[in-house]
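Quick look at start22.cif (mmCIF, C-alpha atoms):
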data_target
loop_
_atom_site.label_atom_id
_atom_site.label_comp_id
_atom_site.auth_asym_id
_atom_site.auth_seq_id
_atom_site.Cartn_x
_atom_site.Cartn_y
_atom_site.Cartn_z
CA MET A 24 157.43 88.98 250.29
CA ALA A 25 156.86 92.72 250.41
CA GLN A 26 157.43 94.62 247.20
CA GLN A 27 160.37 96.96 247.00
CA ARG A 28 159.28 100.58 246.79
CA TYR A 29 161.09 103.08 244.62
CA GLU A 30 160.03 106.59 245.58
CA ARG A 31 163.04 108.70 244.61
CA LEU A 32 163.86 108.34 240.93
CA ALA A 33 166.76 109.57 238.82
CA PHE A 34 166.15 109.93 235.07
CA VAL A 35 168.82 109.73 232.37
CA ALA A 36 168.18 109.93 228.63
CA SER A 37 169.96 109.66 225.32
CA SER A 38 170.20 112.72 223.08
CA GLY A 39 167.38 111.56 220.78
CA THR A 40 164.23 113.67 220.46
CA GLU A 41 161.91 110.94 221.79
CA ALA A 42 164.17 110.19 224.74
CA GLN A 43 164.49 113.84 225.70
CA ALA A 44 160.73 114.38 225.42
CA ALA A 45 160.11 111.36 227.63
CA ARG A 46 162.56 112.63 230.22
CA THR A 47 160.84 116.00 230.31
CA ALA A 48 157.42 114.39 230.81
CA LEU A 49 158.56 111.89 233.43
CA THR A 50 160.54 114.36 235.53
CA ALA A 51 157.50 116.65 235.58
CA ALA A 52 155.33 113.76 236.79
CA TYR A 53 157.69 112.05 239.24
CA GLY A 54 160.44 114.54 240.07
CA ASP A 55 164.12 113.96 239.46
CA HIS A 56 166.77 113.17 242.07
CA PRO A 57 170.55 112.91 241.75
CA PRO A 58 171.52 109.26 241.10
CA ASP A 59 173.39 109.05 244.42
CA ASP A 60 170.21 109.95 246.31
CA ALA A 61 167.77 107.92 244.20
CA ASP A 62 166.15 104.56 244.94
CA ALA A 63 166.36 103.63 241.25
CA ILE A 64 167.71 105.00 237.99
CA VAL A 65 165.39 105.12 234.97
CA ALA A 66 167.20 105.08 231.61
CA LEU A 67 165.37 106.39 228.52
CA GLY A 68 166.81 105.43 225.15
CA GLY A 69 168.15 102.28 223.52
CA ASP A 70 170.60 99.57 224.43
CA GLY A 71 173.56 101.92 223.97
CA LEU A 72 172.21 104.29 226.61
CA MET A 73 171.46 101.35 228.90
CA LEU A 74 175.02 100.04 228.64
CA GLN A 75 176.38 103.54 229.26
CA THR A 76 174.19 103.91 232.36
CA MET A 77 175.23 100.50 233.67
CA HIS A 78 178.90 101.39 233.24
CA GLN A 79 178.49 104.75 234.99
CA HIS A 80 176.60 103.34 237.98
CA MET A 81 177.86 99.76 238.21
CA ARG A 82 179.44 100.30 241.62
CA SER A 83 176.51 102.21 243.12
CA GLY A 84 174.23 99.24 243.77
CA LYS A 85 171.32 101.29 242.37
CA PRO A 86 168.76 99.26 240.36
CA ILE A 87 168.42 100.41 236.75
CA TYR A 88 165.13 100.30 234.85
CA GLY A 89 165.24 101.01 231.13
CA MET A 90 162.38 102.17 228.91
CA ASN A 91 162.81 101.97 225.16
CA ARG A 92 163.04 105.32 223.43
CA GLY A 93 165.71 104.13 221.00
CA THR A 94 165.97 101.48 218.30
CA VAL A 95 166.72 97.88 219.34
CA GLY A 96 165.86 98.01 223.03
CA PHE A 97 166.74 94.40 223.90
CA LEU A 98 167.77 95.51 227.39
CA MET A 99 164.80 97.85 227.79
CA ASN A 100 161.20 97.64 228.93
CA GLU A 101 158.36 98.99 226.82
CA TYR A 102 157.82 102.71 227.17
CA ASN A 103 154.74 103.67 229.14
CA PRO A 104 154.80 106.83 231.28
CA GLY A 105 151.76 105.88 233.35
CA ASP A 106 151.97 104.49 236.89
CA LEU A 107 155.74 104.16 236.76
CA LYS A 108 156.24 103.61 240.49
CA ARG A 109 153.79 100.70 240.45
CA ARG A 110 155.69 99.14 237.54
CA LEU A 111 158.96 99.55 239.37
CA ALA A 112 157.57 97.93 242.51
CA ALA A 113 156.38 94.93 240.49
CA ALA A 114 159.59 94.60 238.44
CA ARG A 115 161.85 91.55 238.62
CA VAL A 116 165.54 91.95 239.42
CA THR A 117 168.28 90.47 237.21
CA VAL A 118 171.85 90.66 238.53
CA ILE A 119 174.71 91.10 236.07
CA HIS A 120 178.41 90.61 236.86
CA PRO A 121 180.68 92.40 234.35
CA LEU A 122 183.92 91.14 232.89
CA LEU A 123 187.19 92.79 233.87
CA MET A 124 189.73 93.19 231.07
CA ARG A 125 193.42 93.73 231.84
CA THR A 126 195.66 94.51 228.90
CA THR A 127 199.41 94.79 228.46
CA GLY A 128 200.59 96.80 225.48
CA VAL A 129 203.55 96.22 223.22
CA GLN A 130 205.29 99.17 224.90
CA GLY A 131 204.40 97.91 228.39
CA ALA A 132 201.34 100.09 229.09
CA HIS A 133 198.56 98.54 231.18
CA HIS A 134 194.82 99.21 231.00
CA LEU A 135 191.84 98.04 233.08
CA HIS A 136 188.26 98.20 231.77
CA HIS A 137 184.97 96.52 232.52
CA ALA A 138 182.63 94.97 229.95
CA ILE A 139 178.98 94.12 230.41
CA ASN A 140 178.57 92.43 227.01
CA GLU A 141 181.95 91.18 225.86
CA VAL A 142 185.69 91.61 225.62
CA SER A 143 186.86 91.32 222.01
CA VAL A 144 190.37 91.00 220.61
CA PHE A 145 190.68 92.15 216.96
CA ARG A 146 193.31 92.39 214.26
CA GLN A 147 194.24 96.03 213.55
CA THR A 148 195.45 95.60 209.96
CA HIS A 149 194.79 93.48 206.88
CA GLN A 150 196.76 90.60 208.41
CA ALA A 151 194.98 88.01 210.53
CA ALA A 152 195.81 87.90 214.22
CA ARG A 153 197.83 85.01 215.65
CA LEU A 154 196.68 84.29 219.19
CA ARG A 155 197.52 81.85 221.98
CA ILE A 156 194.74 80.99 224.44
CA VAL A 157 195.41 80.03 228.06
CA VAL A 158 192.65 79.17 230.55
CA ASP A 159 193.49 78.97 234.25
CA ASP A 160 197.22 78.75 233.47
CA LEU A 161 196.76 75.84 231.04
CA GLU A 162 197.37 76.32 227.33
CA ARG A 163 194.19 75.38 225.50
CA MET A 164 195.15 76.55 222.02
CA SER A 165 198.73 77.14 220.93
CA GLU A 166 197.70 79.15 217.87
CA LEU A 167 194.43 80.62 216.65
CA VAL A 168 194.67 82.43 213.32
CA ALA A 169 191.57 84.61 212.97
CA ASP A 170 190.20 88.11 212.80
CA GLY A 171 189.98 87.80 216.57
CA VAL A 172 188.28 86.16 219.53
CA MET A 173 185.87 87.30 222.25
CA VAL A 174 184.75 86.43 225.74
CA ALA A 175 181.04 87.12 226.23
CA THR A 176 178.81 87.22 229.31
CA PRO A 177 175.34 85.66 229.29
CA ALA A 178 173.92 89.19 229.02
CA GLY A 179 176.10 89.85 225.98
CA SER A 180 175.68 86.44 224.38
CA THR A 181 172.80 87.66 222.18
CA ALA A 182 174.78 90.66 220.93
CA TYR A 183 178.05 90.55 218.96
CA ASN A 184 178.70 87.00 220.20
CA LEU A 185 175.57 85.71 218.48
CA SER A 186 176.31 87.58 215.26
CA VAL A 187 179.62 85.71 214.84
CA GLY A 188 178.05 82.32 215.53
CA GLY A 189 178.51 82.07 219.30
CA PRO A 190 176.02 80.34 221.61
CA ILE A 191 173.17 82.03 223.46
CA LEU A 192 173.62 81.63 227.22
CA PRO A 193 170.68 81.72 229.67
CA ILE A 194 171.17 84.77 231.86
CA ASN A 195 171.54 82.85 235.13
CA THR A 196 174.11 80.34 233.91
CA ALA A 197 177.56 80.56 235.50
CA LEU A 198 179.26 80.47 232.10
CA MET A 199 181.21 82.62 229.67
CA ALA A 200 181.34 82.09 225.91
CA LEU A 201 184.76 82.03 224.24
CA THR A 202 184.00 82.62 220.56
CA PRO A 203 186.33 83.03 217.57
CA ILE A 204 185.80 85.83 215.03
CA SER A 205 186.21 84.55 211.46
CA PRO A 206 188.65 81.74 212.33
CA PHE A 207 191.05 80.59 209.61
CA ARG A 208 192.99 78.00 211.60
CA PRO A 209 191.74 75.77 213.12
CA ARG A 210 188.85 76.13 210.67
CA ARG A 211 186.34 74.02 212.51
CA TRP A 212 186.82 75.51 215.96
CA ARG A 213 183.59 77.17 217.02
CA GLY A 214 184.61 78.23 220.50
CA ALA A 215 184.15 76.96 224.03
CA LEU A 216 181.93 77.38 227.07
CA LEU A 217 183.87 78.24 230.21
CA PRO A 218 182.87 78.48 233.87
CA ASP A 219 182.50 82.10 234.88
CA GLY A 220 185.24 81.63 237.46
CA ALA A 221 187.80 80.93 234.75
CA ARG A 222 190.70 83.27 233.99
CA VAL A 223 191.23 83.62 230.25
CA VAL A 224 194.52 84.92 228.89
CA ILE A 225 194.91 85.76 225.21
CA GLU A 226 198.51 86.24 224.14
CA VAL A 227 199.25 87.97 220.84
CA LEU A 228 201.87 86.23 218.71
CA GLU A 229 203.87 88.48 216.39
CA SER A 230 202.30 91.50 218.07
CA GLU A 231 204.42 94.03 216.18
CA LYS A 232 203.98 92.45 212.76
CA ARG A 233 200.30 91.65 213.32
CA PRO A 234 199.00 94.38 215.69
CA VAL A 235 195.90 93.68 217.74
CA ALA A 236 193.38 95.79 219.67
CA ALA A 237 191.28 94.76 222.67
CA VAL A 238 187.81 96.20 223.28
CA ALA A 239 185.72 95.99 226.46
CA ASP A 240 182.26 97.04 225.24
CA HIS A 241 183.24 100.47 223.84
CA TYR A 242 186.61 100.95 225.59
CA GLU A 243 189.53 100.18 223.28
CA ALA A 244 193.21 99.48 223.95
CA ARG A 245 195.38 99.27 220.82
CA ASP A 246 198.65 97.47 220.15
CA VAL A 247 198.22 94.92 222.92
CA LYS A 248 200.33 91.84 223.46
CA ARG A 249 198.39 90.25 226.32
CA VAL A 250 194.74 90.36 227.39
CA GLU A 251 193.40 88.83 230.60
CA VAL A 252 189.66 88.43 231.17
CA VAL A 253 187.85 87.45 234.38
CA SER A 254 184.33 87.82 235.71
CA ASP A 255 184.30 90.55 238.37
CA LYS A 256 182.08 89.14 241.10
CA SER A 257 182.77 92.16 243.32
CA ILE A 258 180.33 94.14 241.14
CA ALA A 259 176.64 93.24 240.96
CA ILE A 260 174.55 95.36 238.58
CA LYS A 261 170.81 95.19 239.26
CA MET A 262 168.53 95.49 236.23
CA LEU A 263 164.75 95.78 236.58
CA PHE A 264 162.32 94.17 234.12
CA ASP A 265 158.54 94.07 233.92
CA PRO A 266 156.98 90.68 234.84
CA GLY A 267 156.72 88.46 231.78
CA HIS A 268 159.35 90.50 229.92
CA SER A 269 162.46 89.57 231.91
CA LEU A 270 165.88 89.33 230.37
CA GLU A 271 165.77 85.60 231.12
CA GLU A 272 162.62 85.26 229.00
CA ARG A 273 164.01 87.37 226.16
CA ILE A 274 167.18 85.32 225.94
CA LEU A 275 165.16 82.09 226.01
CA ARG A 276 162.97 83.36 223.17
CA GLU A 277 166.08 84.24 221.14
CA GLN A 278 167.06 80.57 221.23
CA PHE A 279 163.85 79.69 219.41
CA GLY A 280 164.18 82.51 216.91
CA ALA A 281 161.29 84.50 218.41
#

Serialized structure, structure tokens:
Amino acid sequence: MAQQRYERLAFVASSGTEAQAARTALTAAYGDHPPDDADAIVALGGDGLMLQTMHQHMRSGKPIYGMNRGTVGFLMNEYNPGDLKRRLAAARVTVIHPLLMRTTGVQGAHHLHHAINEVSVFRQTHQAARLRIVVDDLERMSELVADGVMVATPAGSTAYNLSVGGPILPINTALMALTPISPFRPRRWRGALLPDGARVVIEVLESEKRPVAAVADHYEARDVKRVEVVSDKSIAIKMLFDPGHSLEERILREQFGA
């Protein structure tokens, strides 16, 4: 199979000194095209910049290749300014489908936002949230008393989901993780694995007494009474990774503590 060639590149960078210096050097070496006219988008920074870039260009179909000029860099490739076009041609493609969050507020307002990592539902005050969970129109839990609950994608399963005890999902699995956040009742519930075609509805009980916010990555809707989450298969985000350093491999290594 012939390698894909990426001749016209668009560079985006975080505000950090290292990221800005890298952007200056790379645009001088390879030129810089508007994202709409580029064959690929190169993101320079950390995971926050990568998520921001994916959100901004998720409907464009443009492949996104990240190089780490930030801190964590789980979603990034190693930074190396040399022979970038050759690296891009050899890169492996990982396709990500985001979640779509639909919220209904206490006052009737509606919001739509996408999430690449997770949709989280949180208590807004000192009082625990009381939540009802419905999957594909069937009640699966009549009452969850907890700080909250989240629905995570495989790409997001190693992020916040993992930190609250959720499972790591291989990137190509057709699953979503439904994970409680500090559950009080039922105490032993550790969450569920759902097919990525499932429709998850989280209803807020006592929404005025126990207010709840819903967050899709970094988009927040406050004072919600209903949150619906589905995988949006109409959007396919293409991420590029160097051979041997794919997202699939990184997630697999996380399962062994590497």

Go through range 39-58 of chain A residue by residue and, counting only C-alpha atoms, keep those with an atom at most 10 Å from range 101-120 of chain A; for each kept residue give the shortest atom pair and its distance in Å to one decimal, ordered by chain and increasing number, as CSV.
residue,atom,partner,partner_atom,distance
A:Ala45,CA,A:Pro104,CA,7.9
A:Arg46,CA,A:Pro104,CA,9.7
A:Ala48,CA,A:Pro104,CA,8.0
A:Leu49,CA,A:Pro104,CA,6.7
A:Ala52,CA,A:Pro104,CA,8.9
A:Tyr53,CA,A:Leu107,CA,8.5

Return the single residue from A:Leu270, A:Ala151, A:Leu161, A:Ala239 that is closest to Ala175 in chain A, with distances computed using all atoms listed in the file.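 Nearest candidate to Ala175 in chain A out of A:Leu270, A:Ala151, A:Leu161, A:Ala239: A:Ala239.
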
Go ahead and find all residues with at least one atom no further than 9 Å from (194.1, 77.8, 231.8) in the file's coordinates, using all atoms listed in the file; report them as a list of chain:residue names.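 Using all atoms listed in the file, the matching residues come out as A:Ile156, A:Val157, A:Val158, A:Asp159, A:Asp160, A:Leu161, A:Glu162, A:Arg163, A:Ala221, A:Arg222, A:Val223, A:Val224.
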
Quick one: residues within 6 Å of Gly96 in chain A, all atoms listed in the file counted, chain neighbours fewer than 4 positions away excluded, as an mmCIF file with C-alpha atoms, in the frame of the given file?
data_model
loop_
_atom_site.group_PDB
_atom_site.id
_atom_site.type_symbol
_atom_site.label_atom_id
_atom_site.label_comp_id
_atom_site.auth_asym_id
_atom_site.auth_seq_id
_atom_site.Cartn_x
_atom_site.Cartn_y
_atom_site.Cartn_z
ATOM 1 C CA GLY A 69 168.150 102.280 223.520
ATOM 2 C CA ASP A 70 170.600 99.570 224.430
ATOM 3 C CA ASN A 91 162.810 101.970 225.160
#

Pick from A:Leu72, A:Ala66, A:Leu32, A:Ile191: nearest to Ala51 in chain A, with all atoms listed in the file counted? A:Leu32

Applied to the shown file, which residues does the PyMOL selection byres ((chain A and resi 148) around 9) return, written as a VMD selection string? chain A and resid 146 to 147 149 to 152 233 to 235

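Of note, CA of Arg213 in chain A and CA of Glu277 in chain A are spaced 19.3 Å apart.
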